[in-house]
file work_13.json (JSON, C-alpha atoms)
[["chain", "number", "residue", "atom", "x", "y", "z"],
["A", 1, "MET", "CA", 0.00, 0.00, 0.00],
["A", 2, "LYS", "CA", 1.26, 3.41, -0.84],
["A", 3, "GLY", "CA", 3.22, 5.27, 1.80],
["A", 4, "SER", "CA", 3.28, 2.31, 4.20],
["A", 5, "GLY", "CA", 6.66, 0.93, 3.21],
["A", 6, "SER", "CA", 4.96, -2.31, 2.22],
["A", 7, "SER", "CA", 6.04, -4.25, -0.84],
["A", 8, "PHE", "CA", 2.42, -5.22, -1.53],
["A", 9, "PRO", "CA", 0.69, -3.63, -4.54],
["A", 10, "GLU", "CA", -2.00, -1.06, -3.82],
["A", 11, "MET", "CA", -5.32, -2.80, -3.17],
["A", 12, "ARG", "CA", -8.89, -1.54, -2.94],
["A", 13, "PRO", "CA", -11.83, -3.21, -1.20],
["A", 14, "ALA", "CA", -12.95, -6.41, -2.90],
["A", 15, "THR", "CA", -10.78, -5.82, -5.96],
["A", 16, "ILE", "CA", -7.95, -7.84, -7.40],
["A", 17, "THR", "CA", -4.34, -6.83, -7.28],
["A", 18, "ALA", "CA", -2.58, -5.67, -10.40],
["A", 19, "GLY", "CA", -0.89, -8.72, -11.85],
["A", 20, "LYS", "CA", -0.96, -12.30, -10.67],
["A", 21, "LYS", "CA", 1.76, -14.14, -8.83],
["A", 22, "ALA", "CA", 2.24, -17.77, -9.82],
["A", 23, "ARG", "CA", 2.20, -18.92, -6.21],
["A", 24, "TRP", "CA", 2.17, -17.35, -2.78],
["A", 25, "THR", "CA", 3.77, -19.54, -0.13],
["A", 26, "ASP", "CA", 2.15, -19.96, 3.26],
["A", 27, "ALA", "CA", 5.15, -18.20, 4.82],
["A", 28, "GLU", "CA", 4.67, -15.18, 2.55],
["A", 29, "ILE", "CA", 0.96, -15.01, 3.33],
["A", 30, "MET", "CA", 1.65, -15.22, 7.07],
["A", 31, "ARG", "CA", 3.75, -12.05, 6.67],
["A", 32, "TRP", "CA", 0.89, -10.04, 5.16],
["A", 33, "PRO", "CA", 0.05, -6.94, 7.27],
["A", 34, "LYS", "CA", -1.96, -7.60, 10.43],
["A", 35, "ASP", "CA", -4.05, -4.45, 10.08],
["A", 36, "GLY", "CA", -7.55, -5.83, 10.59],
["A", 37, "VAL", "CA", -8.27, -6.02, 6.86],
["A", 38, "LYS", "CA", -9.20, -9.44, 5.50],
["A", 39, "ARG", "CA", -7.10, -10.64, 2.56],
["A", 40, "GLU", "CA", -7.71, -13.78, 0.54],
["A", 41, "LEU", "CA", -6.02, -15.46, -2.39],
["A", 42, "ILE", "CA", -8.13, -16.50, -5.38],
["A", 43, "GLU", "CA", -6.34, -17.94, -8.41],
["A", 44, "GLY", "CA", -3.17, -16.05, -7.50],
["A", 45, "ASP", "CA", -4.83, -12.66, -6.97],
["A", 46, "ILE", "CA", -5.19, -10.95, -3.60],
["A", 47, "TYR", "CA", -8.68, -9.84, -2.65],
["A", 48, "MET", "CA", -9.07, -7.35, 0.17],
["A", 49, "SER", "CA", -12.33, -6.64, 1.99],
["A", 50, "PRO", "CA", -12.61, -4.35, 5.03],
["A", 51, "VAL", "CA", -15.84, -4.62, 7.03],
["A", 52, "GLY", "CA", -18.04, -2.42, 9.22],
["A", 53, "TYR", "CA", -20.07, -2.81, 12.38],
["A", 54, "THR", "CA", -23.14, -4.53, 10.87],
["A", 55, "HIS", "CA", -20.96, -7.22, 9.28],
["A", 56, "THR", "CA", -19.05, -7.81, 12.52],
["A", 57, "ASN", "CA", -22.23, -7.92, 14.60],
["A", 58, "ILE", "CA", -23.77, -10.58, 12.35],
["A", 59, "CYS", "CA", -20.59, -12.67, 12.46],
["A", 60, "ILE", "CA", -20.54, -12.52, 16.27],
["A", 61, "ASN", "CA", -24.24, -13.38, 16.54],
["A", 62, "LEU", "CA", -23.83, -16.40, 14.31],
["A", 63, "SER", "CA", -20.45, -17.63, 15.53],
["A", 64, "THR", "CA", -21.54, -17.39, 19.19],
["A", 65, "ARG", "CA", -24.61, -19.54, 18.58],
["A", 66, "LEU", "CA", -22.68, -22.02, 16.46],
["A", 67, "ASN", "CA", -19.88, -22.27, 19.01],
["A", 68, "VAL", "CA", -22.24, -22.92, 21.92],
["A", 69, "HIS", "CA", -23.94, -25.74, 19.98],
["A", 70, "VAL", "CA", -20.72, -27.26, 18.65],
["A", 71, "ARG", "CA", -19.04, -27.28, 22.06],
["A", 72, "LYS", "CA", -22.12, -28.62, 23.84],
["A", 73, "HIS", "CA", -22.27, -31.59, 21.47],
["A", 74, "ASP", "CA", -18.50, -31.94, 20.95],
["A", 75, "LEU", "CA", -18.78, -31.71, 17.16],
["A", 76, "GLY", "CA", -15.52, -29.96, 16.28],
["A", 77, "SER", "CA", -14.40, -26.32, 16.06],
["A", 78, "VAL", "CA", -15.94, -23.01, 15.01],
["A", 79, "CYS", "CA", -13.46, -20.56, 13.46],
["A", 80, "ASP", "CA", -13.56, -16.84, 12.76],
["A", 81, "SER", "CA", -12.33, -14.99, 9.67],
["A", 82, "SER", "CA", -8.71, -15.30, 10.79],
["A", 83, "MET", "CA", -8.66, -18.99, 9.82],
["A", 84, "GLY", "CA", -7.17, -19.69, 6.42],
["A", 85, "PHE", "CA", -8.20, -22.67, 4.31],
["A", 86, "ARG", "CA", -5.74, -23.67, 1.59],
["A", 87, "LEU", "CA", -7.91, -24.93, -1.29],
["A", 88, "GLY", "CA", -5.10, -25.11, -3.84],
["A", 89, "PRO", "CA", -1.68, -23.69, -4.73],
["A", 90, "LYS", "CA", -3.21, -20.36, -5.76],
["A", 91, "THR", "CA", -6.28, -20.27, -3.52],
["A", 92, "LEU", "CA", -6.46, -19.43, 0.18],
["A", 93, "LEU", "CA", -9.84, -18.41, 1.59],
["A", 94, "SER", "CA", -10.96, -17.24, 5.03],
["A", 95, "PRO", "CA", -14.71, -17.57, 5.55],
["A", 96, "ASP", "CA", -16.27, -15.03, 7.90],
["A", 97, "VAL", "CA", -17.36, -17.97, 10.06],
["A", 98, "SER", "CA", -16.65, -21.66, 9.57],
["A", 99, "PHE", "CA", -17.19, -25.02, 11.21],
["A", 100, "VAL", "CA", -14.74, -27.91, 11.00],
["A", 101, "SER", "CA", -15.71, -31.31, 12.36],
["A", 102, "HIS", "CA", -13.28, -33.38, 14.43],
["A", 103, "THR", "CA", -12.82, -35.77, 11.51],
["A", 104, "ARG", "CA", -12.10, -33.04, 8.99],
["A", 105, "LEU", "CA", -9.80, -31.22, 11.40],
["A", 106, "ALA", "CA", -7.68, -34.35, 11.70],
["A", 107, "GLU", "CA", -7.56, -34.64, 7.90],
["A", 108, "THR", "CA", -6.71, -31.01, 7.14],
["A", 109, "MET", "CA", -4.44, -29.89, 9.96],
["A", 110, "THR", "CA", -0.70, -30.19, 9.35],
["A", 111, "ALA", "CA", 0.21, -28.11, 12.43],
["A", 112, "PRO", "CA", -1.80, -25.90, 14.82],
["A", 113, "GLU", "CA", 0.00, -22.76, 13.61],
["A", 114, "LYS", "CA", -0.61, -23.44, 9.91],
["A", 115, "PHE", "CA", -3.52, -23.06, 7.49],
["A", 116, "LEU", "CA", -5.86, -26.00, 7.13],
["A", 117, "LYS", "CA", -5.35, -27.90, 3.88],
["A", 118, "GLY", "CA", -8.85, -28.24, 2.55],
["A", 119, "ALA", "CA", -12.34, -26.81, 2.96],
["A", 120, "PRO", "CA", -14.37, -26.53, 6.18],
["A", 121, "ASP", "CA", -17.55, -28.55, 6.63],
["A", 122, "LEU", "CA", -19.49, -25.25, 6.75],
["A", 123, "ALA", "CA", -18.36, -21.95, 5.24],
["A", 124, "VAL", "CA", -20.24, -18.72, 5.99],
["A", 125, "GLU", "CA", -19.79, -15.50, 4.04],
["A", 126, "VAL", "CA", -21.47, -12.25, 5.13],
["A", 127, "LEU", "CA", -21.85, -9.66, 2.38],
["A", 128, "SER", "CA", -20.34, -6.23, 3.03],
["A", 129, "PRO", "CA", -21.08, -3.05, 1.05],
["A", 130, "SER", "CA", -17.57, -3.32, -0.43],
["A", 131, "ASP", "CA", -18.06, -6.92, -1.59],
["A", 132, "LEU", "CA", -18.73, -7.86, -5.18],
["A", 133, "ARG", "CA", -21.50, -10.47, -5.02],
["A", 134, "SER", "CA", -19.95, -12.29, -7.99],
["A", 135, "ILE", "CA", -16.68, -12.74, -6.08],
["A", 136, "VAL", "CA", -18.43, -13.93, -2.91],
["A", 137, "SER", "CA", -20.48, -16.37, -5.00],
["A", 138, "LEU", "CA", -17.27, -17.64, -6.61],
["A", 139, "LYS", "CA", -15.81, -18.22, -3.15],
["A", 140, "LEU", "CA", -18.84, -20.28, -2.11],
["A", 141, "ASP", "CA", -18.46, -22.38, -5.25],
["A", 142, "LYS", "CA", -14.81, -22.96, -4.45],
["A", 143, "TYR", "CA", -15.61, -24.12, -0.91],
["A", 144, "LEU", "CA", -18.16, -26.62, -2.22],
["A", 145, "VAL", "CA", -15.92, -27.91, -5.02],
["A", 146, "ALA", "CA", -13.13, -28.38, -2.46],
["A", 147, "GLY", "CA", -15.38, -30.51, -0.27],
["A", 148, "ALA", "CA", -17.43, -28.22, 1.98],
["A", 149, "ARG", "CA", -20.73, -29.85, 2.81],
["A", 150, "VAL", "CA", -22.70, -26.60, 3.03],
["A", 151, "ALA", "CA", -22.15, -22.86, 2.55],
["A", 152, "TRP", "CA", -24.25, -19.97, 3.83],
["A", 153, "LEU", "CA", -24.39, -16.55, 2.19],
["A", 154, "VAL", "CA", -25.75, -13.93, 4.58],
["A", 155, "ASP", "CA", -27.04, -10.71, 3.02],
["A", 156, "PRO", "CA", -27.53, -8.00, 5.69],
["A", 157, "LYS", "CA", -29.11, -5.54, 3.26],
["A", 158, "LYS", "CA", -31.82, -7.97, 2.14],
["A", 159, "GLY", "CA", -32.04, -9.79, 5.47],
["A", 160, "THR", "CA", -31.66, -13.17, 3.76],
["A", 161, "VAL", "CA", -29.56, -16.30, 4.09],
["A", 162, "GLU", "CA", -28.83, -18.46, 1.06],
["A", 163, "VAL", "CA", -28.06, -22.08, 1.89],
["A", 164, "ARG", "CA", -25.95, -23.87, -0.72],
["A", 165, "THR", "CA", -24.99, -27.52, -0.88],
["A", 166, "PRO", "CA", -23.16, -29.28, -3.74],
["A", 167, "ASP", "CA", -26.49, -30.16, -5.36],
["A", 168, "ALA", "CA", -29.04, -27.60, -4.17],
["A", 169, "SER", "CA", -29.68, -24.02, -3.10],
["A", 170, "ARG", "CA", -32.47, -22.34, -1.14],
["A", 171, "VAL", "CA", -32.96, -18.86, 0.31],
["A", 172, "LEU", "CA", -34.46, -17.99, 3.69],
["A", 173, "THR", "CA", -36.15, -14.58, 3.52],
["A", 174, "LYS", "CA", -38.27, -14.12, 6.67],
["A", 175, "ARG", "CA", -37.00, -13.21, 10.13],
["A", 176, "SER", "CA", -39.17, -15.99, 11.55],
["A", 177, "GLU", "CA", -37.56, -18.68, 9.35],
["A", 178, "VAL", "CA", -35.10, -21.06, 10.97],
["A", 179, "LEU", "CA", -31.59, -21.75, 9.75],
["A", 180, "ASP", "CA", -30.62, -25.29, 10.71],
["A", 181, "GLY", "CA", -27.41, -27.28, 10.67],
["A", 182, "GLY", "CA", -28.80, -30.27, 8.79],
["A", 183, "ASP", "CA", -26.52, -33.30, 8.73],
["A", 184, "VAL", "CA", -23.45, -31.06, 9.17],
["A", 185, "MET", "CA", -24.42, -29.82, 12.65],
["A", 186, "PRO", "CA", -27.32, -31.94, 13.85],
["A", 187, "GLY", "CA", -29.68, -30.10, 16.17],
["A", 188, "PHE", "CA", -28.49, -26.58, 15.41],
["A", 189, "ARG", "CA", -31.39, -24.17, 14.87],
["A", 190, "CYS", "CA", -31.36, -20.38, 14.76],
["A", 191, "LYS", "CA", -34.02, -17.89, 13.62],
["A", 192, "LEU", "CA", -32.90, -15.29, 11.11],
["A", 193, "ALA", "CA", -34.05, -12.65, 13.59],
["A", 194, "GLU", "CA", -31.30, -13.79, 15.98],
["A", 195, "ILE", "CA", -28.65, -13.50, 13.27],
["A", 196, "PHE", "CA", -29.65, -9.96, 12.25],
["A", 197, "ALA", "CA", -30.31, -8.69, 15.78],
["A", 198, "ALA", "CA", -28.57, -5.35, 16.43]]

call {"tool": "encode", "arguments": {"input": "work_13.json", "output": "structure tokens"}}
result
Amino acid sequence: MKGSGSSFPEMRPATITAGKKARWTDAEIMRWPKDGVKRELIEGDIYMSPVGYTHTNICINLSTRLNVHVRKHDLGSVCDSSMGFRLGPKTLLSPDVSFVSHTRLAETMTAPEKFLKGAPDLAVEVLSPSDLRSIVSLKLDKYLVAGARVAWLVDPKKGTVEVRTPDASRVLTKRSEVLDGGDVMPGFRCKLAEIFAA
């Protein structure tokens, strides 16, 4: 970024960097600035997406409820947007919220300090005003192709949650509707009103 002394190209919210790098190593990615801005790698390009209060509030509402359920039933781990999932040599994604079962954690973890090598069981993306919906949709596709069992796309502006699986998609539109964990997180249920609560 200009004026920061960084060697990274200038980046704008939810836009690609100028020019692709053939491969970013995990060590290089770990050295990216820790400035509170989320950066992801898609096909060799860096995508950058800062967020605001509404986005953060929704992530906390959802991750808190997921974490309580997952811990109570000893299902695995709930991760925040700091967790990186290596989906390929040129793709590293960090869902806003994710769930990884015990089985998948054992399969994807090479070391506790490293990125997981594979997709989470559940990937959640929350749209921000700076996000391009096409890019977020591409990310959901990549999670599912890499083995995620379900992906949720939360749209704060519309107050909806799209639930995608490898072979189906449905959209919850009413605050009274219930988002459930299906076979991925048996017993998890949460009304949309709880997710969007201020």

call {"tool": "closest_atom_pairs", "arguments": {"input": "work_13.json", "of": "segment 51-140 of chain A", "to": "segment 159-169 of chain A", "cutoff": "10 Å", "atoms": "only C-alpha atoms", "output": "JSON lines"}}
result
{"residue": "A:Leu122", "atom": "CA", "partner": "A:Thr165", "partner_atom": "CA", "distance": 9.7}
{"residue": "A:Ala123", "atom": "CA", "partner": "A:Arg164", "partner_atom": "CA", "distance": 9.8}
{"residue": "A:Val124", "atom": "CA", "partner": "A:Val163", "partner_atom": "CA", "distance": 9.4}
{"residue": "A:Glu125", "atom": "CA", "partner": "A:Val161", "partner_atom": "CA", "distance": 9.8}
{"residue": "A:Val126", "atom": "CA", "partner": "A:Val161", "partner_atom": "CA", "distance": 9.1}
{"residue": "A:Leu140", "atom": "CA", "partner": "A:Arg164", "partner_atom": "CA", "distance": 8.1}

call {"tool": "residues_around", "arguments": {"input": "work_13.json", "residues": "segment 55-69 of chain A", "least_positions_apart": "5", "cutoff": "12 Å", "atoms": "all atoms listed in the file", "output": "VMD selection string"}}
result
chain A and resid 36 49 to 50 74 to 81 95 to 101 122 to 131 152 to 157 159 to 161 179 to 181 184 to 198

call {"tool": "closest_residue", "arguments": {"input": "work_13.json", "among": "A:Asp141, A:Glu107, A:Glu113, A:Glu43", "to": "Gly88 of chain A", "atoms": "all atoms listed in the file"}}
result
A:Glu43

call {"tool": "atom_distance", "arguments": {"input": "work_13.json", "atom1": "atom CA of Val150 of chain A", "atom2": "atom CA of Asp121 of chain A"}}
result
6.6 Å

call {"tool": "atom_distance", "arguments": {"input": "work_13.json", "atom1": "atom CA of Leu132 of chain A", "atom2": "atom CA of Glu28 of chain A"}}
result
25.7 Å

call {"tool": "residues_around", "arguments": {"input": "work_13.json", "residues": "Pro112 of chain A", "least_positions_apart": "6", "cutoff": "12 Å", "atoms": "all atoms listed in the file", "output": "list in words"}}
result
Met83, Gly84, Leu105 and Ala106 of chain A

call {"tool": "closest_residue", "arguments": {"input": "work_13.json", "among": "A:Leu93, A:Ala119, A:Val171, A:Ala151", "to": "Tyr47 of chain A", "atoms": "all atoms listed in the file"}}
result
A:Leu93

call {"tool": "atom_distance", "arguments": {"input": "work_13.json", "atom1": "atom CA of Arg39 of chain A", "atom2": "atom CA of Arg86 of chain A"}}
result
13.1 Å

call {"tool": "residues_near_point", "arguments": {"input": "work_13.json", "point": "(-1.4, -14.6, 0.0)", "cutoff": "10 Å", "atoms": "all atoms listed in the file", "output": "list in words"}}
result
Lys21, Arg23, Trp24, Thr25, Asp26, Ala27, Glu28, Ile29, Met30, Arg31, Trp32, Arg39, Glu40, Leu41, Ile42, Gly44, Asp45, Ile46, Tyr47, Lys90, Thr91, Leu92 and Leu93 of chain A

call {"tool": "build_atoms", "arguments": {"input": "work_13.json", "residues": "segment 143-172 of chain A", "atoms": "N, CA and C atoms", "output": "CSV table (one decimal), in the frame of the given file"}}
result
chain,number,residue,atom,x,y,z
A,143,TYR,N,-15.5,-23.3,-2.1
A,143,TYR,CA,-15.6,-24.1,-0.9
A,143,TYR,C,-16.3,-25.5,-1.2
A,144,LEU,N,-17.4,-25.4,-1.9
A,144,LEU,CA,-18.2,-26.6,-2.2
A,144,LEU,C,-17.4,-27.6,-3.1
A,145,VAL,N,-16.7,-27.1,-4.1
A,145,VAL,CA,-15.9,-27.9,-5.0
A,145,VAL,C,-14.8,-28.6,-4.2
A,146,ALA,N,-14.2,-27.8,-3.3
A,146,ALA,CA,-13.1,-28.4,-2.5
A,146,ALA,C,-13.6,-29.3,-1.4
A,147,GLY,N,-14.9,-29.5,-1.2
A,147,GLY,CA,-15.4,-30.5,-0.3
A,147,GLY,C,-16.2,-30.0,0.9
A,148,ALA,N,-16.5,-28.7,0.9
A,148,ALA,CA,-17.4,-28.2,2.0
A,148,ALA,C,-18.8,-28.9,1.8
A,149,ARG,N,-19.4,-29.2,2.9
A,149,ARG,CA,-20.7,-29.8,2.8
A,149,ARG,C,-21.9,-28.9,2.7
A,150,VAL,N,-21.7,-27.6,3.1
A,150,VAL,CA,-22.7,-26.6,3.0
A,150,VAL,C,-22.0,-25.2,3.1
A,151,ALA,N,-22.6,-24.2,2.5
A,151,ALA,CA,-22.2,-22.9,2.6
A,151,ALA,C,-23.4,-21.9,2.7
A,152,TRP,N,-23.2,-20.9,3.6
A,152,TRP,CA,-24.2,-20.0,3.8
A,152,TRP,C,-23.8,-18.6,3.4
A,153,LEU,N,-24.7,-17.9,2.6
A,153,LEU,CA,-24.4,-16.6,2.2
A,153,LEU,C,-25.4,-15.6,2.9
A,154,VAL,N,-24.9,-14.8,3.8
A,154,VAL,CA,-25.8,-13.9,4.6
A,154,VAL,C,-25.7,-12.5,3.9
A,155,ASP,N,-26.9,-12.0,3.6
A,155,ASP,CA,-27.0,-10.7,3.0
A,155,ASP,C,-27.7,-9.8,4.0
A,156,PRO,N,-26.9,-8.9,4.7
A,156,PRO,CA,-27.5,-8.0,5.7
A,156,PRO,C,-28.5,-7.0,5.1
A,157,LYS,N,-28.2,-6.5,3.9
A,157,LYS,CA,-29.1,-5.5,3.3
A,157,LYS,C,-30.5,-6.1,3.0
A,158,LYS,N,-30.5,-7.3,2.5
A,158,LYS,CA,-31.8,-8.0,2.1
A,158,LYS,C,-32.4,-8.7,3.3
A,159,GLY,N,-31.6,-9.0,4.3
A,159,GLY,CA,-32.0,-9.8,5.5
A,159,GLY,C,-32.3,-11.2,5.1
A,160,THR,N,-31.5,-11.8,4.2
A,160,THR,CA,-31.7,-13.2,3.8
A,160,THR,C,-30.4,-14.0,4.0
A,161,VAL,N,-30.6,-15.3,4.0
A,161,VAL,CA,-29.6,-16.3,4.1
A,161,VAL,C,-29.8,-17.3,3.0
A,162,GLU,N,-28.8,-17.4,2.1
A,162,GLU,CA,-28.8,-18.5,1.1
A,162,GLU,C,-28.1,-19.7,1.6
A,163,VAL,N,-28.7,-20.8,1.5
A,163,VAL,CA,-28.1,-22.1,1.9
A,163,VAL,C,-27.7,-22.9,0.6
A,164,ARG,N,-26.4,-23.1,0.5
A,164,ARG,CA,-26.0,-23.9,-0.7
A,164,ARG,C,-25.3,-25.2,-0.3
A,165,THR,N,-25.7,-26.2,-1.0
A,165,THR,CA,-25.0,-27.5,-0.9
A,165,THR,C,-24.5,-27.9,-2.3
A,166,PRO,N,-23.7,-28.9,-2.4
A,166,PRO,CA,-23.2,-29.3,-3.7
A,166,PRO,C,-24.2,-29.5,-4.8
A,167,ASP,N,-25.5,-29.8,-4.4
A,167,ASP,CA,-26.5,-30.2,-5.4
A,167,ASP,C,-27.8,-29.4,-5.2
A,168,ALA,N,-27.8,-28.4,-4.3
A,168,ALA,CA,-29.0,-27.6,-4.2
A,168,ALA,C,-28.8,-26.2,-3.6
A,169,SER,N,-29.8,-25.4,-3.7
A,169,SER,CA,-29.7,-24.0,-3.1
A,169,SER,C,-31.1,-23.6,-2.7
A,170,ARG,N,-31.2,-22.9,-1.6
A,170,ARG,CA,-32.5,-22.3,-1.1
A,170,ARG,C,-32.2,-21.0,-0.4
A,171,VAL,N,-33.1,-20.2,-0.3
A,171,VAL,CA,-33.0,-18.9,0.3
A,171,VAL,C,-34.0,-18.7,1.4
A,172,LEU,N,-33.6,-18.3,2.6
A,172,LEU,CA,-34.5,-18.0,3.7
A,172,LEU,C,-34.6,-16.5,3.7
